[in-house]
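What follows is a set of notes on a single structure, which appears directly below.
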Amino acid sequence: MLTVKFSHSQYQDFVHASLNRYFILSGQQVAIFTKSDLILKLWVADITGIAFLLKSRYSNSNKGDPPKDPVALFRSYPH
């Protein structure tokens, strides 16, 4: 069964925590500023509906590995 494991608000919480942990607490605010346009696009882009659009591309068979979360796959794509 094709499912979305994390909602958009959960993804935003993850991004917020990651930015705080790896950039703010380590004093690298300049890195955030240089990537702010990309961060903003990812912050507002709710792509959870993509699972519905891609459902027909996934196999209905129960054989093999379970399908990966398509939203997580798109979020992990290097921009």
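Naming works like this for the structure tokens: A, B, ... for the chains as they're shown, residue 1 at the start of each chain, ligands 1 onward in shown order.
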
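Once Lys41 of chain A and its same-chain neighbours fewer than 5 positions away are set aside, Gln12, Lys35, Ser36, Asp46, Ile47, Arg75 and His79 of chain A remain within 12 Å of it when counting only C-alpha atoms.
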
Keeping only N, CA and C atoms, write the selected residues as a PDB file, in the first residue's frame.
ATOM      1  N   GLN A  12       7.950  20.286   8.025  1.00  0.00           N
ATOM      2  CA  GLN A  12       8.396  21.617   8.425  1.00  0.00           C
ATOM      3  C   GLN A  12       9.070  21.584   9.797  1.00  0.00           C
ATOM      4  N   LYS A  35      21.105  30.220   1.092  1.00  0.00           N
ATOM      5  CA  LYS A  35      20.171  29.207   0.593  1.00  0.00           C
ATOM      6  C   LYS A  35      18.717  29.539   0.932  1.00  0.00           C
ATOM      7  N   SER A  36      18.446  30.758   1.343  1.00  0.00           N
ATOM      8  CA  SER A  36      17.113  31.120   1.828  1.00  0.00           C
ATOM      9  C   SER A  36      16.022  30.957   0.765  1.00  0.00           C
ATOM     10  N   ASP A  46       3.815  22.124  -0.325  1.00  0.00           N
ATOM     11  CA  ASP A  46       3.178  20.934   0.245  1.00  0.00           C
ATOM     12  C   ASP A  46       2.953  19.943  -0.888  1.00  0.00           C
ATOM     13  N   ILE A  47       3.814  18.940  -0.981  1.00  0.00           N
ATOM     14  CA  ILE A  47       3.738  17.980  -2.083  1.00  0.00           C
ATOM     15  C   ILE A  47       3.139  16.649  -1.653  1.00  0.00           C
ATOM     16  N   ARG A  75      11.165  14.821  -1.800  1.00  0.00           N
ATOM     17  CA  ARG A  75      11.816  15.768  -0.879  1.00  0.00           C
ATOM     18  C   ARG A  75      13.318  15.544  -0.812  1.00  0.00           C
ATOM     19  N   HIS A  79      18.289  19.481  -5.052  1.00  0.00           N
ATOM     20  CA  HIS A  79      17.755  20.632  -5.794  1.00  0.00           C
ATOM     21  C   HIS A  79      18.855  21.397  -6.433  1.00  0.00           C
TER      22      HIS A  79
END

**OP:** Name the residues of chain A that come out as helix (DSSP H, G or I) in a backbone DSSP run; write them as a ChimeraX atom specification.
**Re:** /A:8-24,29-34,36-44,50-57,70-76

So that I have them on file, write out the residues from the current selection with C-alpha atoms, as a PDB file, in the first residue's frame.
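Contents of the output file again36.pdb:
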ATOM      1  CA  HIS A   8       3.799  18.634   5.564  1.00  0.00           C
ATOM      2  CA  SER A   9       3.712  20.140   9.062  1.00  0.00           C
ATOM      3  CA  GLN A  10       5.863  17.262  10.351  1.00  0.00           C
ATOM      4  CA  TYR A  11       8.286  17.921   7.493  1.00  0.00           C
ATOM      5  CA  GLN A  12       8.396  21.617   8.425  1.00  0.00           C
ATOM      6  CA  ASP A  13       9.165  20.662  12.038  1.00  0.00           C
ATOM      7  CA  PHE A  14      12.012  18.461  10.782  1.00  0.00           C
ATOM      8  CA  VAL A  15      13.416  21.267   8.590  1.00  0.00           C
ATOM      9  CA  HIS A  16      13.184  23.757  11.460  1.00  0.00           C
ATOM     10  CA  ALA A  17      14.972  21.404  13.864  1.00  0.00           C
ATOM     11  CA  SER A  18      17.655  20.561  11.291  1.00  0.00           C
ATOM     12  CA  LEU A  19      18.344  24.190  10.408  1.00  0.00           C
ATOM     13  CA  ASN A  20      18.557  25.066  14.083  1.00  0.00           C
ATOM     14  CA  ARG A  21      20.813  22.121  14.913  1.00  0.00           C
ATOM     15  CA  TYR A  22      23.246  22.286  12.016  1.00  0.00           C
ATOM     16  CA  PHE A  23      23.353  25.996  11.211  1.00  0.00           C
ATOM     17  CA  ILE A  24      22.034  28.272  13.952  1.00  0.00           C
ATOM     18  CA  GLN A  29      23.631  31.750   9.679  1.00  0.00           C
ATOM     19  CA  VAL A  30      25.334  32.978   6.475  1.00  0.00           C
ATOM     20  CA  ALA A  31      24.837  29.529   4.941  1.00  0.00           C
ATOM     21  CA  ILE A  32      21.113  29.760   5.655  1.00  0.00           C
ATOM     22  CA  PHE A  33      20.972  33.240   4.154  1.00  0.00           C
ATOM     23  CA  THR A  34      22.636  32.097   0.919  1.00  0.00           C
ATOM     24  CA  SER A  36      17.113  31.120   1.828  1.00  0.00           C
ATOM     25  CA  ASP A  37      15.305  31.053  -1.541  1.00  0.00           C
ATOM     26  CA  LEU A  38      15.522  27.241  -1.694  1.00  0.00           C
ATOM     27  CA  ILE A  39      14.610  26.855   1.978  1.00  0.00           C
ATOM     28  CA  LEU A  40      11.532  29.040   1.489  1.00  0.00           C
ATOM     29  CA  LYS A  41      10.388  27.058  -1.563  1.00  0.00           C
ATOM     30  CA  LEU A  42      10.728  23.770   0.312  1.00  0.00           C
ATOM     31  CA  TRP A  43       9.010  25.254   3.372  1.00  0.00           C
ATOM     32  CA  VAL A  44       5.845  26.279   1.528  1.00  0.00           C
ATOM     33  CA  ILE A  50       1.844  13.641  -5.182  1.00  0.00           C
ATOM     34  CA  ALA A  51       1.179  10.177  -3.720  1.00  0.00           C
ATOM     35  CA  PHE A  52      -2.296  10.237  -5.279  1.00  0.00           C
ATOM     36  CA  LEU A  53      -0.865  11.291  -8.656  1.00  0.00           C
ATOM     37  CA  LEU A  54       1.766   8.546  -8.646  1.00  0.00           C
ATOM     38  CA  LYS A  55      -0.414   5.734  -7.297  1.00  0.00           C
ATOM     39  CA  SER A  56      -1.090   4.344 -10.770  1.00  0.00           C
ATOM     40  CA  ARG A  57       2.679   4.036 -11.381  1.00  0.00           C
ATOM     41  CA  PRO A  70       6.922   9.020  -2.948  1.00  0.00           C
ATOM     42  CA  VAL A  71       6.752  12.311  -1.035  1.00  0.00           C
ATOM     43  CA  ALA A  72       9.947  11.476   0.862  1.00  0.00           C
ATOM     44  CA  LEU A  73      11.617  10.521  -2.422  1.00  0.00           C
ATOM     45  CA  PHE A  74      10.739  13.870  -3.997  1.00  0.00           C
ATOM     46  CA  ARG A  75      11.816  15.768  -0.879  1.00  0.00           C
ATOM     47  CA  SER A  76      15.193  14.020  -0.903  1.00  0.00           C
TER      48      SER A  76
END

Original post:
Quick one: distance from atom CA of Tyr77 of chain A to atom CA of Leu25 of chain A in Å, one decimal?
Top reply: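 It comes out at 25.7 Å.
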
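Closest to Ser7 of chain A among A:Gly27, A:Tyr58, A:Asp65, A:Ala45 is A:Ala45, based on only C-alpha atoms.
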